[in-house]
Structure formats: structure tokens, C-alpha cells
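*Asks:* I'm passing along run_13.csv; it holds CSV, N, CA and C atoms.
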```csv
chain,number,residue,atom,x,y,z
A,99,MET,N,11.8,-13.9,0.4
A,99,MET,CA,11.4,-12.5,0.4
A,99,MET,C,11.6,-11.8,1.7
A,100,LYS,N,12.3,-10.7,1.7
A,100,LYS,CA,12.6,-10.0,2.9
A,100,LYS,C,11.6,-8.8,3.1
A,101,LEU,N,11.0,-8.8,4.2
A,101,LEU,CA,10.0,-7.7,4.5
A,101,LEU,C,10.8,-6.4,4.9
A,102,ALA,N,10.2,-5.3,4.5
A,102,ALA,CA,10.8,-4.0,4.8
A,102,ALA,C,9.6,-3.0,5.0
A,103,GLN,N,10.0,-1.9,5.8
A,103,GLN,CA,9.0,-0.9,6.1
A,103,GLN,C,8.6,-0.2,4.8
A,104,ASN,N,7.3,0.2,4.7
A,104,ASN,CA,6.8,0.9,3.5
A,104,ASN,C,6.6,0.1,2.3
A,105,GLN,N,6.7,-1.2,2.4
A,105,GLN,CA,6.4,-2.1,1.3
A,105,GLN,C,4.9,-2.1,1.1
A,106,VAL,N,4.5,-2.1,-0.1
A,106,VAL,CA,3.0,-2.2,-0.5
A,106,VAL,C,2.7,-3.5,-1.2
A,107,TRP,N,1.8,-4.2,-0.6
A,107,TRP,CA,1.3,-5.5,-1.2
A,107,TRP,C,-0.1,-5.3,-1.7
A,108,LYS,N,-0.4,-5.8,-2.9
A,108,LYS,CA,-1.8,-5.8,-3.4
A,108,LYS,C,-2.4,-7.2,-3.2
A,109,ARG,N,-3.5,-7.2,-2.5
A,109,ARG,CA,-4.2,-8.5,-2.2
A,109,ARG,C,-5.7,-8.2,-2.6
A,110,GLY,N,-6.1,-8.8,-3.7
A,110,GLY,CA,-7.5,-8.5,-4.2
A,110,GLY,C,-7.6,-7.1,-4.5
A,111,ASP,N,-8.6,-6.4,-3.9
A,111,ASP,CA,-8.9,-5.0,-4.1
A,111,ASP,C,-8.2,-4.1,-3.1
A,112,ASP,N,-7.6,-4.7,-2.1
A,112,ASP,CA,-7.0,-4.0,-1.0
A,112,ASP,C,-5.4,-3.9,-1.2
A,113,TYR,N,-4.9,-2.9,-0.6
A,113,TYR,CA,-3.4,-2.7,-0.5
A,113,TYR,C,-3.0,-2.8,1.0
A,114,LEU,N,-1.9,-3.5,1.2
A,114,LEU,CA,-1.4,-3.6,2.6
A,114,LEU,C,-0.1,-2.9,2.6
A,115,ARG,N,0.1,-1.9,3.4
A,115,ARG,CA,1.4,-1.2,3.5
A,115,ARG,C,2.0,-1.4,4.9
A,116,ILE,N,3.2,-1.9,5.0
A,116,ILE,CA,3.9,-2.1,6.2
A,116,ILE,C,4.3,-0.8,6.8
A,117,VAL,N,3.7,-0.5,8.0
A,117,VAL,CA,4.0,0.8,8.7
A,117,VAL,C,5.2,0.7,9.6
A,118,GLN,N,5.2,-0.4,10.4
A,118,GLN,CA,6.3,-0.6,11.3
A,118,GLN,C,6.6,-2.1,11.3
A,119,LEU,N,7.9,-2.4,11.2
A,119,LEU,CA,8.4,-3.8,11.2
A,119,LEU,C,9.3,-4.0,12.3
A,120,GLU,N,9.0,-5.0,13.2
A,120,GLU,CA,9.8,-5.3,14.3
A,120,GLU,C,10.3,-6.8,14.1
A,121,ARG,N,11.0,-7.2,15.1
A,121,ARG,CA,11.6,-8.6,15.0
A,121,ARG,C,10.5,-9.7,14.8
A,122,LEU,N,9.5,-9.6,15.6
A,122,LEU,CA,8.5,-10.6,15.6
A,122,LEU,C,7.1,-10.1,15.3
A,123,GLU,N,7.0,-8.8,15.1
A,123,GLU,CA,5.6,-8.2,14.9
A,123,GLU,C,5.6,-7.3,13.7
A,124,VAL,N,4.5,-7.1,13.1
A,124,VAL,CA,4.3,-6.2,11.9
A,124,VAL,C,3.1,-5.4,12.2
A,125,ARG,N,3.2,-4.1,12.0
A,125,ARG,CA,2.1,-3.2,12.1
A,125,ARG,C,1.9,-2.7,10.6
A,126,TYR,N,0.7,-2.9,10.1
A,126,TYR,CA,0.4,-2.6,8.7
A,126,TYR,C,-1.0,-1.9,8.6
A,127,LYS,N,-1.2,-1.3,7.5
A,127,LYS,CA,-2.4,-0.6,7.2
A,127,LYS,C,-3.1,-1.1,6.0
A,128,THR,N,-4.3,-1.5,6.1
A,128,THR,CA,-5.1,-1.9,5.0
A,128,THR,C,-5.8,-0.7,4.3
A,129,ILE,N,-5.5,-0.5,3.0
A,129,ILE,CA,-6.0,0.6,2.3
A,129,ILE,C,-6.7,0.1,1.1
A,130,THR,N,-7.9,0.7,0.9
A,130,THR,CA,-8.7,0.3,-0.3
A,130,THR,C,-8.4,1.3,-1.5
A,131,ASN,N,-8.1,2.5,-1.1
A,131,ASN,CA,-7.8,3.6,-2.2
A,131,ASN,C,-6.5,4.2,-1.8
A,132,LEU,N,-5.5,4.0,-2.6
A,132,LEU,CA,-4.2,4.6,-2.4
A,132,LEU,C,-4.2,6.2,-2.4
A,133,LEU,N,-5.1,6.7,-3.2
A,133,LEU,CA,-5.3,8.1,-3.4
A,133,LEU,C,-5.6,8.8,-2.1
A,134,SER,N,-6.6,8.3,-1.4
A,134,SER,CA,-7.1,8.9,-0.1
A,134,SER,C,-6.2,8.5,1.0
A,135,GLY,N,-5.7,7.2,1.0
A,135,GLY,CA,-4.9,6.7,2.1
A,135,GLY,C,-5.7,6.3,3.3
A,136,ASP,N,-7.0,6.4,3.2
A,136,ASP,CA,-7.8,5.9,4.3
A,136,ASP,C,-7.8,4.4,4.5
A,137,GLY,N,-7.7,4.0,5.7
A,137,GLY,CA,-7.7,2.6,6.0
A,137,GLY,C,-7.6,2.3,7.4
A,138,THR,N,-7.4,1.1,7.8
A,138,THR,CA,-7.4,0.6,9.2
A,138,THR,C,-6.0,0.1,9.5
A,139,HIS,N,-5.5,0.3,10.7
A,139,HIS,CA,-4.3,-0.2,11.2
A,139,HIS,C,-4.5,-1.5,11.9
A,140,HIS,N,-3.5,-2.4,11.7
A,140,HIS,CA,-3.5,-3.7,12.3
A,140,HIS,C,-2.2,-4.0,12.9
A,141,HIS,N,-2.2,-4.9,13.9
A,141,HIS,CA,-0.9,-5.3,14.6
A,141,HIS,C,-1.0,-6.8,14.7
A,142,VAL,N,-0.1,-7.5,14.0
A,142,VAL,CA,-0.1,-9.0,14.0
A,142,VAL,C,1.4,-9.5,14.1
A,143,SER,N,1.5,-10.8,14.3
A,143,SER,CA,2.8,-11.4,14.3
A,143,SER,C,3.4,-11.5,12.9
A,144,LYS,N,4.6,-11.6,12.8
A,144,LYS,CA,5.3,-11.7,11.4
A,144,LYS,C,4.8,-12.9,10.7
A,145,LYS,N,4.5,-14.0,11.4
A,145,LYS,CA,4.1,-15.2,10.8
A,145,LYS,C,2.6,-15.0,10.3
A,146,GLU,N,1.8,-14.3,11.0
A,146,GLU,CA,0.4,-14.1,10.5
A,146,GLU,C,0.5,-13.2,9.3
A,147,PHE,N,1.3,-12.2,9.3
A,147,PHE,CA,1.4,-11.3,8.1
A,147,PHE,C,1.9,-12.0,6.9
A,148,CYS,N,2.8,-12.9,7.1
A,148,CYS,CA,3.3,-13.7,5.9
A,148,CYS,C,2.2,-14.6,5.4
A,149,ARG,N,1.4,-15.1,6.2
A,149,ARG,CA,0.2,-15.9,5.8
A,149,ARG,C,-0.8,-15.0,5.0
A,150,LEU,N,-0.9,-13.7,5.4
A,150,LEU,CA,-1.8,-12.8,4.7
A,150,LEU,C,-1.3,-12.5,3.3
A,151,ILE,N,0.0,-12.3,3.2
A,151,ILE,CA,0.5,-11.9,1.9
A,151,ILE,C,0.9,-13.1,1.0
A,152,LYS,N,0.6,-14.3,1.4
A,152,LYS,CA,0.9,-15.5,0.7
A,152,LYS,C,0.5,-15.4,-0.8
A,153,ASP,N,-0.8,-15.0,-1.0
A,153,ASP,CA,-1.3,-14.9,-2.3
A,153,ASP,C,-1.3,-13.4,-2.9
A,154,ALA,N,-0.6,-12.5,-2.2
A,154,ALA,CA,-0.5,-11.1,-2.6
A,154,ALA,C,0.7,-10.9,-3.5
A,155,GLU,N,0.6,-9.7,-4.1
A,155,GLU,CA,1.7,-9.3,-5.0
A,155,GLU,C,2.4,-8.1,-4.5
A,156,LEU,N,3.7,-8.1,-4.4
A,156,LEU,CA,4.5,-7.0,-3.9
A,156,LEU,C,4.6,-6.0,-5.0
A,157,LEU,N,4.3,-4.8,-4.8
A,157,LEU,CA,4.4,-3.7,-5.7
A,157,LEU,C,5.7,-2.9,-5.5
A,158,ASN,N,6.4,-2.6,-6.7
A,158,ASN,CA,7.5,-1.8,-6.5
A,158,ASN,C,7.1,-0.3,-6.6
A,159,GLN,N,8.0,0.6,-6.4
A,159,GLN,CA,7.7,2.0,-6.3
A,159,GLN,C,7.0,2.5,-7.5
A,160,ALA,N,7.4,2.1,-8.7
A,160,ALA,CA,6.8,2.5,-10.0
A,160,ALA,C,5.4,2.1,-10.0
A,161,GLU,N,5.1,0.8,-9.6
A,161,GLU,CA,3.7,0.3,-9.6
A,161,GLU,C,2.8,1.0,-8.6
A,162,VAL,N,3.4,1.4,-7.5
A,162,VAL,CA,2.6,2.1,-6.5
A,162,VAL,C,2.3,3.5,-7.0
A,163,ARG,N,3.3,4.1,-7.6
A,163,ARG,CA,3.1,5.5,-8.2
A,163,ARG,C,2.0,5.4,-9.3
A,164,ALA,N,2.0,4.4,-10.2
A,164,ALA,CA,1.1,4.2,-11.2
A,164,ALA,C,-0.3,4.0,-10.7
A,165,ALA,N,-0.4,3.2,-9.6
A,165,ALA,CA,-1.7,2.9,-9.0
A,165,ALA,C,-2.3,4.2,-8.4
A,166,TRP,N,-1.4,5.0,-7.8
A,166,TRP,CA,-1.8,6.2,-7.1
A,166,TRP,C,-2.2,7.2,-8.2
A,167,LEU,N,-1.5,7.3,-9.3
A,167,LEU,CA,-1.8,8.3,-10.3
A,167,LEU,C,-3.1,7.9,-11.0
A,168,SER,N,-3.4,6.6,-11.2
A,168,SER,CA,-4.6,6.2,-11.8
A,168,SER,C,-5.9,6.5,-11.0
A,169,GLY,N,-5.7,6.9,-9.7
A,169,GLY,CA,-6.8,7.3,-8.9
A,169,GLY,C,-7.2,8.7,-9.1
A,170,GLY,N,-6.6,9.4,-10.1
A,170,GLY,CA,-7.1,10.7,-10.5
A,170,GLY,C,-6.3,11.9,-9.9
A,171,VAL,N,-5.1,11.6,-9.5
A,171,VAL,CA,-4.2,12.6,-8.9
A,171,VAL,C,-3.7,13.5,-10.0
A,172,VAL,N,-3.3,13.0,-11.1
A,172,VAL,CA,-2.8,13.8,-12.2
A,172,VAL,C,-3.9,14.5,-12.9
A,173,GLN,N,-3.8,15.8,-12.9
A,173,GLN,CA,-4.8,16.6,-13.6
A,173,GLN,C,-4.2,17.5,-14.5
A,174,GLU,N,-4.8,17.8,-15.6
A,174,GLU,CA,-4.3,18.8,-16.6
A,174,GLU,C,-4.3,20.2,-15.9
A,175,ALA,N,-3.4,21.0,-16.2
A,175,ALA,CA,-3.4,22.4,-15.7
A,175,ALA,C,-4.5,23.1,-16.4
A,176,PRO,N,-5.3,23.9,-15.7
A,176,PRO,CA,-6.4,24.6,-16.3
A,176,PRO,C,-5.8,25.7,-17.2
A,177,GLU,N,-6.6,25.9,-18.3
A,177,GLU,CA,-6.2,27.0,-19.2
A,177,GLU,C,-6.4,28.3,-18.5
A,178,LEU,N,-5.5,29.2,-18.8
A,178,LEU,CA,-5.6,30.6,-18.3
A,178,LEU,C,-6.5,31.4,-19.2
A,179,ARG,N,-7.5,32.0,-18.7
A,179,ARG,CA,-8.4,32.8,-19.5
A,179,ARG,C,-8.3,34.3,-19.1
A,180,ASP,N,-8.4,35.1,-20.1
A,180,ASP,CA,-8.4,36.6,-19.8
A,180,ASP,C,-9.8,37.1,-19.6
```
Could you write out this structure as C-alpha cells?
*Replies:*
Amino acid sequence: MKLAQNQVWKRGDDYLRIVQLERLEVRYKTITNLLSGDGTHHHVSKKEFCRLIKDAELLNQAEVRAAWLSGGVVQEAPELRD
């Protein structure tokens, strides 16, 4: 598996998003709610990050979008009333 920037990994109830990828280091953000995007930034070696995602699932863009939409982003347009 090749790591890339902006990949989103699901590990338990948390999401890990790669913010910056360097030769030997990874900066990532742990997010509990994709809708809000609130989370904490971490800086680890690439080896440590690979150990973190060993039991995690890589989400493709469609799965990320579906997880984001299930957080309540999609709302029906309000009816126009006179």
C-alpha cells in the first residue's frame, strides 16, 4: 500500500487523515467527526504511522463522501411559503 496525502483511514470510531507526507515522517489529523473536522494534529515517523493503520481501513473518496453526508450535511431544501 502506498501512502498519499489526504488519504483517510478509519480506525475504530476515529478517522486518520494524512495532512503532510514526507520521506520519513507523516503528519496526520485524528478526527472523530468528519462533518465538523475537529481533531488533533500528530507528527510521527512513517514506520509508526504504518503500525497505527495496520488494523485500519483505507476509505476511498466515495466512502469519505458517504461518511461525511451521513453526518447530516445533506438537508432538504426548505419549502417556500407565501
*Asks:* Which one is closest to Leu132 (chain A): A:Leu114, A:Leu150, A:Ala102, A:Ala160? Count only C-alpha atoms.
*Replies:*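 Selected residue with least distance to Leu132 (chain A): A:Leu114.
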*Asks:* What is the CA of Leu157 (chain A) to CA of Ser143 (chain A) distance in Å?
*Replies:* 21.5 Å
*Asks:* Between CA of Gln103 (chain A) and atom N of Ser168 (chain A), what distance in Å does the model show, to one decimal?
*Replies:* 22.6 Å
*Asks:* Please return as a list in words every residue within 8 Å of (-5.6, -1.6, 3.3), taking into account only C-alpha atoms and the file's own coordinates.
*Replies:*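 Neighbouring residues, ordered by chain and number, come to Asp112, Tyr113, Leu114, Arg115, Lys127, Thr128, Ile129, Thr130, Asn131, Asp136, Gly137 and Thr138 of chain A.
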*Asks:* Between atom N of Arg109 (chain A) and CA of Val142 (chain A), what is the distance, to one decimal in Å?
*Replies:*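 Between atom N of Arg109 (chain A) and CA of Val142 (chain A) the gap is 16.9 Å.
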*Asks:* Can you tell me, as a PyMOL selection string, which residues in chain A count as strand (DSSP E) by DSSP?
*Replies:* chain A and resi 106-109+112-119+123-129+137-143+155-157
*Asks:* Give me, as a list in words, the residues of chain A that a backbone DSSP run labels alpha helix (DSSP H).
*Replies:*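 Residues of chain A classed as alpha helix (DSSP H): Lys144, Lys145, Glu146, Phe147, Cys148, Arg149, Leu150, Gln159, Ala160, Glu161, Val162, Arg163, Ala164, Ala165 and Trp166 of chain A.
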